[in-house]
>>> print(open('query.cif').read())   # mmCIF, C-alpha atoms and all ligand atoms
data_entry
#
loop_
_atom_site.label_atom_id
_atom_site.label_comp_id
_atom_site.auth_asym_id
_atom_site.auth_seq_id
_atom_site.Cartn_x
_atom_site.Cartn_y
_atom_site.Cartn_z
CA MET A 1 107.18 -72.17 -50.67
CA GLN A 2 103.74 -72.09 -52.25
CA ILE A 3 103.11 -68.82 -54.08
CA LEU A 4 100.11 -67.24 -55.83
CA ILE A 5 100.77 -64.53 -58.42
CA THR A 6 98.22 -62.62 -60.48
CA GLY A 7 99.06 -61.41 -63.99
CA THR A 8 101.42 -64.23 -64.99
CA SER A 9 100.78 -64.20 -68.76
CA ARG A 10 103.53 -61.62 -69.43
CA GLY A 11 105.73 -58.90 -67.96
CA LEU A 12 106.76 -58.78 -64.33
CA GLY A 13 104.28 -61.46 -63.19
CA SER A 14 105.53 -63.97 -65.75
CA GLU A 15 109.19 -63.43 -64.81
CA LEU A 16 108.43 -63.49 -61.09
CA ALA A 17 106.67 -66.85 -61.54
CA ALA A 18 109.68 -68.15 -63.52
CA TYR A 19 112.07 -66.88 -60.83
CA TYR A 20 110.22 -68.71 -58.04
CA LEU A 21 109.80 -71.89 -60.13
CA ASN A 22 113.53 -71.89 -60.90
CA SER A 23 114.18 -71.49 -57.15
CA GLY A 24 112.25 -74.73 -56.46
CA HIS A 25 108.90 -73.27 -55.35
CA GLU A 26 105.30 -74.07 -56.38
CA VAL A 27 103.49 -71.29 -58.22
CA TYR A 28 99.81 -70.72 -58.96
CA GLY A 29 99.27 -68.08 -61.65
CA ILE A 30 96.12 -66.17 -62.58
CA SER A 31 95.51 -64.13 -65.74
CA ARG A 32 93.21 -64.18 -68.76
CA ASN A 33 95.85 -65.57 -71.13
CA SER A 34 98.19 -68.45 -70.46
CA ASN A 35 101.96 -68.37 -70.77
CA GLY A 36 103.39 -71.19 -72.89
CA GLU A 37 106.74 -71.30 -71.10
CA LEU A 38 105.31 -71.37 -67.58
CA ASP A 39 102.69 -73.94 -68.58
CA LYS A 40 105.47 -76.43 -69.38
CA HIS A 41 106.70 -76.33 -65.79
CA PRO A 42 105.47 -79.20 -63.56
CA ARG A 43 105.24 -76.95 -60.47
CA PHE A 44 103.15 -74.25 -62.21
CA ARG A 45 99.34 -74.27 -62.01
CA PHE A 46 97.48 -71.83 -64.22
CA ILE A 47 94.02 -70.43 -63.56
CA SER A 48 92.49 -68.54 -66.47
CA GLN A 49 90.38 -65.77 -64.98
CA ASP A 50 89.36 -62.30 -66.03
CA LEU A 51 89.82 -60.36 -62.79
CA SER A 52 87.21 -57.80 -63.85
CA LYS A 53 84.55 -60.54 -63.52
CA PHE A 54 84.03 -60.36 -59.79
CA ASP A 55 81.17 -62.91 -59.60
CA GLU A 56 83.29 -65.47 -61.45
CA ILE A 57 86.24 -64.93 -59.08
CA THR A 58 84.01 -65.50 -56.07
CA SER A 59 82.33 -68.59 -57.49
CA ASN A 60 85.27 -70.26 -59.29
CA LEU A 61 88.38 -69.51 -57.31
CA PRO A 62 87.69 -71.28 -54.00
CA GLY A 63 87.19 -74.56 -55.91
CA LEU A 64 90.28 -74.05 -58.04
CA LEU A 65 92.41 -73.30 -54.98
CA LYS A 66 90.96 -75.99 -52.71
CA ASP A 67 93.92 -78.35 -53.14
CA ALA A 68 96.46 -75.57 -52.82
CA GLY A 69 96.91 -75.52 -49.05
CA ARG A 70 98.51 -72.51 -47.43
CA PHE A 71 100.15 -69.81 -49.54
CA ASP A 72 103.42 -68.53 -48.13
CA LEU A 73 103.24 -65.55 -50.46
CA VAL A 74 100.54 -63.90 -52.58
CA VAL A 75 101.66 -61.28 -55.12
CA LEU A 76 98.78 -59.14 -56.41
CA ASN A 77 100.47 -58.00 -59.60
CA ALA A 78 97.82 -57.87 -62.37
CA ALA A 79 96.97 -54.33 -63.39
CA MET A 80 96.17 -52.08 -66.30
CA LEU A 81 97.38 -48.62 -67.24
CA SER A 82 95.00 -45.77 -68.03
CA GLN A 83 95.46 -43.48 -71.03
CA ILE A 84 97.84 -40.59 -70.38
CA LYS A 85 95.61 -37.51 -70.32
CA ASP A 86 94.29 -34.97 -67.87
CA LEU A 87 91.87 -36.02 -65.17
CA LYS A 88 89.36 -33.44 -66.43
CA ASP A 89 89.30 -35.35 -69.75
CA THR A 90 88.88 -38.72 -68.08
CA GLY A 91 85.38 -40.11 -67.62
CA LEU A 92 84.23 -41.94 -64.53
CA ASP A 93 83.64 -45.04 -66.65
CA GLU A 94 87.37 -45.13 -67.57
CA ILE A 95 88.37 -44.63 -63.93
CA GLN A 96 85.97 -47.34 -62.81
CA LYS A 97 87.45 -49.86 -65.28
CA VAL A 98 90.97 -49.26 -63.95
CA MET A 99 89.81 -49.30 -60.32
CA ASP A 100 88.05 -52.64 -60.92
CA ILE A 101 91.27 -54.38 -61.97
CA ASN A 102 93.86 -52.49 -59.95
CA VAL A 103 91.95 -52.23 -56.66
CA TRP A 104 88.62 -54.03 -56.34
CA SER A 105 89.67 -57.37 -57.84
CA ASN A 106 92.45 -57.38 -55.24
CA LYS A 107 89.94 -56.77 -52.46
CA ILE A 108 87.90 -59.74 -53.66
CA LEU A 109 90.99 -61.95 -53.82
CA ILE A 110 92.16 -60.87 -50.36
CA ASP A 111 88.69 -61.53 -48.89
CA LEU A 112 88.70 -65.06 -50.35
CA LEU A 113 92.23 -65.77 -49.15
CA ILE A 114 91.89 -64.50 -45.59
CA PHE A 115 88.84 -66.69 -45.03
CA GLN A 116 90.71 -69.84 -46.09
CA GLU A 117 91.32 -72.38 -43.36
CA GLU A 118 94.98 -71.41 -43.46
CA PRO A 119 95.32 -67.80 -44.65
CA PRO A 120 98.47 -66.70 -46.52
CA LYS A 121 101.54 -65.68 -44.54
CA GLN A 122 102.41 -62.69 -46.74
CA ILE A 123 100.34 -60.62 -49.19
CA ALA A 124 102.17 -58.09 -51.37
CA ALA A 125 100.35 -55.77 -53.76
CA ILE A 126 102.37 -54.40 -56.66
CA SER A 127 102.00 -50.65 -56.49
CA SER A 128 103.85 -47.90 -58.35
CA GLY A 129 105.65 -44.63 -57.80
CA ALA A 130 102.59 -43.24 -59.59
CA SER A 131 100.66 -43.85 -56.35
CA VAL A 132 102.54 -41.00 -54.70
CA TYR A 133 104.10 -38.80 -57.45
CA GLY A 134 100.89 -37.38 -58.91
CA ASN A 135 102.51 -36.77 -62.31
CA ARG A 136 100.25 -35.00 -64.79
CA GLY A 137 98.39 -37.41 -67.08
CA TRP A 138 98.46 -40.49 -64.86
CA ASN A 139 94.84 -39.95 -63.75
CA ALA A 140 93.03 -43.28 -63.10
CA TYR A 141 96.23 -45.32 -62.73
CA SER A 142 97.61 -43.01 -60.01
CA LEU A 143 94.25 -42.95 -58.24
CA SER A 144 94.03 -46.75 -58.36
CA LYS A 145 97.54 -47.34 -57.00
CA ALA A 146 97.06 -44.78 -54.21
CA ALA A 147 93.81 -46.55 -53.26
CA LEU A 148 95.63 -49.89 -53.42
CA ASN A 149 98.24 -48.65 -50.92
CA MET A 150 95.48 -47.69 -48.49
CA LEU A 151 93.55 -50.93 -49.09
CA ILE A 152 96.66 -52.84 -48.03
CA LYS A 153 97.26 -50.62 -45.00
CA LEU A 154 93.67 -51.11 -43.84
CA TYR A 155 93.84 -54.90 -44.20
CA ALA A 156 97.13 -54.90 -42.29
CA GLY A 157 95.35 -53.28 -39.36
CA GLU A 158 92.64 -55.95 -39.40
CA GLN A 159 94.67 -59.12 -40.09
CA GLU A 160 97.47 -59.28 -37.58
CA ASN A 161 98.61 -62.76 -38.63
CA ILE A 162 99.28 -61.83 -42.26
CA HIS A 163 102.14 -59.59 -43.36
CA PHE A 164 100.90 -57.04 -45.90
CA CYS A 165 102.77 -54.54 -48.04
CA SER A 166 102.26 -52.53 -51.18
CA ILE A 167 105.48 -52.28 -53.13
CA ALA A 168 106.57 -50.23 -56.14
CA PRO A 169 108.74 -52.38 -58.43
CA GLY A 170 110.49 -49.47 -60.18
CA LEU A 171 110.39 -48.95 -63.93
CA ILE A 172 110.30 -52.16 -65.99
CA ASP A 173 110.58 -52.63 -69.73
CA THR A 174 107.26 -54.44 -70.30
CA GLU A 175 104.21 -54.19 -72.54
CA MET A 176 102.78 -51.67 -70.08
CA GLN A 177 105.60 -49.27 -71.03
CA GLU A 178 105.09 -49.96 -74.78
CA TYR A 179 102.01 -47.77 -74.68
CA ILE A 180 104.04 -44.89 -73.18
CA PHE A 181 106.79 -45.35 -75.80
CA SER A 182 104.15 -45.11 -78.55
CA LEU A 183 102.98 -41.67 -77.41
CA PRO A 184 104.28 -38.46 -78.99
CA ASP A 185 106.47 -36.26 -76.78
CA ASP A 186 104.17 -33.74 -75.16
CA PRO A 187 105.57 -30.99 -72.90
CA LYS A 188 102.26 -31.13 -71.00
CA PHE A 189 103.22 -34.62 -69.82
CA PRO A 190 106.97 -34.53 -69.00
CA SER A 191 106.90 -38.08 -67.61
CA ILE A 192 106.46 -39.47 -71.16
CA ILE A 193 109.81 -37.97 -72.18
CA ARG A 194 111.45 -39.15 -68.95
CA LEU A 195 110.25 -42.74 -69.43
CA LYS A 196 111.37 -42.83 -73.07
CA LYS A 197 114.83 -41.72 -71.93
CA ALA A 198 114.90 -44.44 -69.26
CA LYS A 199 114.35 -47.25 -71.79
CA ALA A 200 117.41 -49.46 -72.29
CA THR A 201 119.14 -47.90 -69.28
CA GLY A 202 119.68 -49.33 -65.79
CA GLU A 203 116.73 -47.22 -64.65
CA MET A 204 114.34 -49.49 -66.58
CA PRO A 205 115.55 -53.10 -66.25
CA SER A 206 114.17 -56.10 -68.12
CA PRO A 207 111.23 -57.92 -66.50
CA GLU A 208 113.61 -60.77 -65.63
CA GLU A 209 115.99 -58.47 -63.72
CA ALA A 210 113.07 -56.58 -62.12
CA ALA A 211 111.60 -59.90 -60.90
CA ARG A 212 114.92 -60.85 -59.28
CA ILE A 213 115.10 -57.46 -57.51
CA LEU A 214 111.45 -57.69 -56.44
CA ALA A 215 111.83 -61.20 -55.02
CA GLY A 216 114.72 -59.98 -52.86
CA ALA A 217 112.73 -56.97 -51.71
CA LEU A 218 109.70 -59.12 -50.84
CA LYS A 219 111.85 -61.15 -48.47
CA LYS A 220 113.22 -58.01 -46.81
CA ALA A 221 109.71 -56.50 -46.68
CA LEU A 222 108.82 -58.98 -43.91
CA LYS A 223 111.04 -56.93 -41.57
CA GLU A 224 109.05 -53.75 -42.31
CA GLU A 225 105.82 -52.80 -40.53
CA SER A 226 102.84 -54.66 -42.02
CA GLY A 227 100.79 -52.42 -44.29
CA SER A 228 103.75 -50.28 -45.37
CA TYR A 229 104.14 -48.80 -48.83
CA LEU A 230 107.64 -49.75 -50.00
CA ASP A 231 109.75 -49.10 -53.08
CA VAL A 232 112.32 -51.63 -54.32
CA ARG A 233 114.64 -48.71 -55.11
CA ASP A 234 114.89 -47.98 -51.36
CA PHE A 235 116.21 -51.45 -50.40
N1 LIG B 1 106.13 -51.70 -66.17
C1 LIG B 1 106.44 -50.74 -65.32
O1 LIG B 1 107.32 -49.89 -65.58
C2 LIG B 1 105.76 -50.67 -63.98
C3 LIG B 1 106.12 -49.63 -63.12
C4 LIG B 1 105.51 -49.55 -61.87
C5 LIG B 1 104.57 -50.50 -61.50
N2 LIG B 1 104.23 -51.50 -62.36
C6 LIG B 1 103.26 -52.49 -61.90
O2 LIG B 1 103.82 -53.78 -62.04
C7 LIG B 1 102.77 -54.74 -62.28
C8 LIG B 1 103.10 -55.54 -63.53
O3 LIG B 1 103.17 -54.65 -64.63
P1 LIG B 1 103.70 -55.10 -66.07
O4 LIG B 1 104.48 -53.97 -66.57
O5 LIG B 1 104.27 -56.47 -65.99
O6 LIG B 1 102.30 -55.13 -66.88
P2 LIG B 1 101.87 -55.91 -68.19
O7 LIG B 1 103.05 -56.35 -68.97
O8 LIG B 1 100.85 -55.06 -68.85
O9 LIG B 1 101.16 -57.23 -67.60
C9 LIG B 1 99.95 -57.09 -66.88
C10 LIG B 1 99.49 -58.46 -66.39
O10 LIG B 1 98.22 -58.24 -65.74
C11 LIG B 1 97.27 -59.16 -66.27
N3 LIG B 1 95.92 -58.58 -66.32
C12 LIG B 1 95.57 -57.34 -66.79
N4 LIG B 1 94.23 -57.23 -66.79
C13 LIG B 1 93.74 -58.41 -66.30
C14 LIG B 1 92.43 -58.92 -66.07
N5 LIG B 1 91.32 -58.22 -66.38
N6 LIG B 1 92.29 -60.17 -65.56
C15 LIG B 1 93.38 -60.91 -65.28
N7 LIG B 1 94.64 -60.49 -65.46
C16 LIG B 1 94.82 -59.25 -65.99
C17 LIG B 1 97.75 -59.44 -67.70
O11 LIG B 1 97.29 -60.72 -68.12
P3 LIG B 1 96.15 -60.96 -69.25
O12 LIG B 1 96.15 -59.78 -70.17
O13 LIG B 1 96.57 -62.25 -69.87
O14 LIG B 1 94.89 -61.11 -68.47
C18 LIG B 1 99.27 -59.44 -67.53
O15 LIG B 1 99.70 -60.74 -67.16
C19 LIG B 1 101.48 -53.93 -62.38
O16 LIG B 1 100.83 -53.93 -61.14
C20 LIG B 1 101.98 -52.53 -62.71
O17 LIG B 1 101.05 -51.55 -62.32
C21 LIG B 1 104.80 -51.61 -63.58
#
>>> encode(input="query.cif", output="structure tokens", more="lines below")
Ligand SMILES: NC(=O)c1ccc[n+]([C@@H]2O[C@H](COP(=O)([O-])OP(=O)(O)OC[C@H]3O[C@@H](n4cnc5c(N)ncnc54)[C@H](OP(=O)(O)O)[C@@H]3O)[C@@H](O)[C@H]2O)c1
Amino acid sequence: MQILITGTSRGLGSELAAYYLNSGHEVYGISRNSNGELDKHPRFRFISQDLSKFDEITSNLPGLLKDAGRFDLVVLNAAMLSQIKDLKDTGLDEIQKVMDINVWSNKILIDLLIFQEEPPKQIAAISSGASVYGNRGWNAYSLSKAALNMLIKLYAGEQENIHFCSIAPGLIDTEMQEYIFSLPDDPKFPSIIRLKKAKATGEMPSPEEAARILAGALKKALKEESGSYLDVRDF
């Protein structure tokens, strides 16, 4: 298979790329920073791109992907977390920054990919339980992942030949969680305490284990209705 993954410099995206490379597939990775281990692999192609720079994506990416041929799978994984605080304390500028990476860069990528001569067979956007839980403090991140779920559902209705899903990967012990671990316990935000308790338990696997689980779920996702919001913990 030929696979495109965003956010391959670290965390889930890096381990997912490694998983597919080790399974014999070709992987294109996009992030700002490279990943030394993946770069050594002969079937890995790295594209350095800041996904908040929309004009650059539109002008650079078609050229960089022109030799790629058809993608069997695209995993829109790159994302950023917002600061844990109340929505009333969160400015529109902060929300916009998170929406740009977590939602709008994915729209730009999808638009480029669906207009390719041979559009991808499957597009999966990495969502989060935060898209539906509405836990206090998750402001811009929750908003962005909820919007991402709907973005994917809408594209699924338009593009009948591509299988779309948004999928929550469960908790993963990555740099994204490091920020949560660094916060003081605050009864106002019970999810901080819950996530700290989940660290080093089966509830929060390593990125390597999470990538293996996600890859299995992405295969099974093809049997679900296109545009669905899925959670790996339900498979
Ligand atoms: N960790 C969890 O517990 C958890 C739970 C639910 C859902 N998720 C979701 O799972 C996915 C992966 O999360 P993770 O924990 O692996 O996060 P992570 O360790 O913070 O990695 C995020 C990745 O996104 C890339 N990225 C961020 N901003 C970017 C930008 N402006 N341009 C290009 N790439 C950018 C980063 O690369 P560069 O910095 O090199 O650009 C990095 O490779 C995300 O969609 C996240 O929302 C994670």
>>> residues_near_ligand(input="query.cif", ligand="ligand LIG 1 (chain B)", cutoff="7 Å", atoms="only C-alpha atoms and all ligand atoms", output="short mmCIF file (atom, residue, chain, number, x, y, z; two decimals) with C-alpha atoms, in the frame of the given file")
data_model
loop_
_atom_site.label_atom_id
_atom_site.label_comp_id
_atom_site.auth_asym_id
_atom_site.auth_seq_id
_atom_site.Cartn_x
_atom_site.Cartn_y
_atom_site.Cartn_z
CA THR A 6 98.22 -62.62 -60.48
CA GLY A 7 99.06 -61.41 -63.99
CA THR A 8 101.42 -64.23 -64.99
CA SER A 9 100.78 -64.20 -68.76
CA ARG A 10 103.53 -61.62 -69.43
CA GLY A 11 105.73 -58.90 -67.96
CA LEU A 12 106.76 -58.78 -64.33
CA GLY A 13 104.28 -61.46 -63.19
CA SER A 14 105.53 -63.97 -65.75
CA ILE A 30 96.12 -66.17 -62.58
CA SER A 31 95.51 -64.13 -65.74
CA ARG A 32 93.21 -64.18 -68.76
CA ASN A 33 95.85 -65.57 -71.13
CA SER A 34 98.19 -68.45 -70.46
CA GLN A 49 90.38 -65.77 -64.98
CA ASP A 50 89.36 -62.30 -66.03
CA LEU A 51 89.82 -60.36 -62.79
CA SER A 52 87.21 -57.80 -63.85
CA ASN A 77 100.47 -58.00 -59.60
CA ALA A 78 97.82 -57.87 -62.37
CA ALA A 79 96.97 -54.33 -63.39
CA MET A 80 96.17 -52.08 -66.30
CA LEU A 81 97.38 -48.62 -67.24
CA ILE A 101 91.27 -54.38 -61.97
CA ILE A 126 102.37 -54.40 -56.66
CA SER A 127 102.00 -50.65 -56.49
CA SER A 128 103.85 -47.90 -58.35
CA GLY A 129 105.65 -44.63 -57.80
CA ALA A 168 106.57 -50.23 -56.14
CA PRO A 169 108.74 -52.38 -58.43
CA GLY A 170 110.49 -49.47 -60.18
CA LEU A 171 110.39 -48.95 -63.93
CA ILE A 172 110.30 -52.16 -65.99
CA ASP A 173 110.58 -52.63 -69.73
CA THR A 174 107.26 -54.44 -70.30
CA GLU A 175 104.21 -54.19 -72.54
CA MET A 176 102.78 -51.67 -70.08
CA GLN A 177 105.60 -49.27 -71.03
#
>>> closest_residue(input="query.cif", among="A:Arg70, A:Lys85, A:Arg233, A:Lys40", to="Ile192 (chain A)", atoms="only C-alpha atoms")
A:Lys85
>>> atom_distance(input="query.cif", atom1="CA of Ser166 (chain A)", atom2="CA of Lys153 (chain A)")
8.2 Å
>>> atom_distance(input="query.cif", atom1="CA of Ser23 (chain A)", atom2="CA of Lys107 (chain A)")
28.7 Å
>>> axis_aligned_box(input="query.cif", around="region 57-60 of chain A", padding_each_side="3 Å", output="lines of an AutoDock Vina configuration file")
center_x = 84.3
center_y = -67.6
center_z = -57.7
size_x = 9.9
size_y = 11.3
size_z = 9.2
>>> residues_around(input="query.cif", residues="Met150 (chain A)", least_positions_apart="3", cutoff="12 Å", atoms="all atoms listed in the file", output="list in words")
Val103, Lys107, Ala125, Ser127, Ser131, Val132, Leu143, Ser144, Lys145, Ala146, Ala147, Lys153, Leu154, Tyr155, Ala156, Gly157, Phe164, Cys165, Ser166, Ile167, Gly227, Ser228 and Tyr229 of chain A
>>> residues_around(input="query.cif", residues="Pro187 (chain A)", least_positions_apart="5", cutoff="12 Å", atoms="all atoms listed in the file", output="PyMOL selection string")
chain A and resi 136-137+192-194
>>> closest_residue(input="query.cif", among="A:Ser191, A:Thr58, A:Thr201, A:Asn22", to="Ser105 (chain A)", atoms="all atoms listed in the file")
A:Thr58
>>> closest_residue(input="query.cif", among="A:Pro119, A:Asn102, A:Ile57, A:Ala140", to="Thr90 (chain A)", atoms="only C-alpha atoms")
A:Ala140
>>> closest_residue(input="query.cif", among="A:Lys219, A:Tyr28, A:Asn60, A:Gln83", to="Ser182 (chain A)", atoms="all atoms listed in the file")
A:Gln83
>>> closest_residue(input="query.cif", among="A:Asp100, A:Asp111, A:Glu15, A:Asp234", to="Glu158 (chain A)", atoms="all atoms listed in the file")
A:Asp111
>>> atom_distance(input="query.cif", atom1="CA of Ile110 (chain A)", atom2="CA of Tyr133 (chain A)")
26.1 Å
>>> closest_residue(input="query.cif", among="A:Phe181, A:His163, A:Asn135, A:Glu117", to="Ala198 (chain A)", atoms="all atoms listed in the file")
A:Phe181
>>> decode(input="query.cif", residues="region 197-210 of chain A", atoms="N, CA and C atoms", output="mmCIF file, in the first residue's frame")
data_model
loop_
_atom_site.group_PDB
_atom_site.id
_atom_site.type_symbol
_atom_site.label_atom_id
_atom_site.label_comp_id
_atom_site.auth_asym_id
_atom_site.auth_seq_id
_atom_site.Cartn_x
_atom_site.Cartn_y
_atom_site.Cartn_z
ATOM 1 N N LYS A 197 -3.766 9.655 36.234
ATOM 2 C CA LYS A 197 -3.934 8.301 36.788
ATOM 3 C C LYS A 197 -3.791 7.235 35.698
ATOM 4 N N ALA A 198 -4.148 7.625 34.462
ATOM 5 C CA ALA A 198 -4.118 6.641 33.361
ATOM 6 C C ALA A 198 -2.702 6.363 32.881
ATOM 7 N N LYS A 199 -1.776 7.303 33.152
ATOM 8 C CA LYS A 199 -0.389 7.118 32.672
ATOM 9 C C LYS A 199 0.189 5.808 33.224
ATOM 10 N N ALA A 200 0.923 5.135 32.365
ATOM 11 C CA ALA A 200 1.585 3.867 32.720
ATOM 12 C C ALA A 200 0.592 2.759 33.076
ATOM 13 N N THR A 201 -0.652 2.900 32.622
ATOM 14 C CA THR A 201 -1.619 1.808 32.745
ATOM 15 C C THR A 201 -2.042 1.412 31.322
ATOM 16 N N GLY A 202 -2.780 0.304 31.239
ATOM 17 C CA GLY A 202 -3.255 -0.160 29.936
ATOM 18 C C GLY A 202 -4.190 0.837 29.265
ATOM 19 N N GLU A 203 -4.717 1.771 30.047
ATOM 20 C CA GLU A 203 -5.644 2.766 29.487
ATOM 21 C C GLU A 203 -4.910 3.778 28.604
ATOM 22 N N MET A 204 -3.583 3.939 28.848
ATOM 23 C CA MET A 204 -2.804 4.887 28.057
ATOM 24 C C MET A 204 -1.557 4.181 27.506
ATOM 25 N N PRO A 205 -1.733 3.428 26.397
ATOM 26 C CA PRO A 205 -0.609 2.655 25.864
ATOM 27 C C PRO A 205 0.493 3.542 25.283
ATOM 28 N N SER A 206 1.615 2.927 24.980
ATOM 29 C CA SER A 206 2.715 3.622 24.313
ATOM 30 C C SER A 206 2.258 3.974 22.890
ATOM 31 N N PRO A 207 2.932 4.950 22.265
ATOM 32 C CA PRO A 207 2.582 5.273 20.875
ATOM 33 C C PRO A 207 2.719 4.062 19.950
ATOM 34 N N GLU A 208 3.696 3.215 20.230
ATOM 35 C CA GLU A 208 3.920 2.028 19.380
ATOM 36 C C GLU A 208 2.707 1.085 19.443
ATOM 37 N N GLU A 209 2.231 0.831 20.655
ATOM 38 C CA GLU A 209 1.081 -0.055 20.844
ATOM 39 C C GLU A 209 -0.184 0.609 20.263
ATOM 40 N N ALA A 210 -0.319 1.919 20.502
ATOM 41 C CA ALA A 210 -1.498 2.638 19.986
ATOM 42 C C ALA A 210 -1.523 2.601 18.456
#
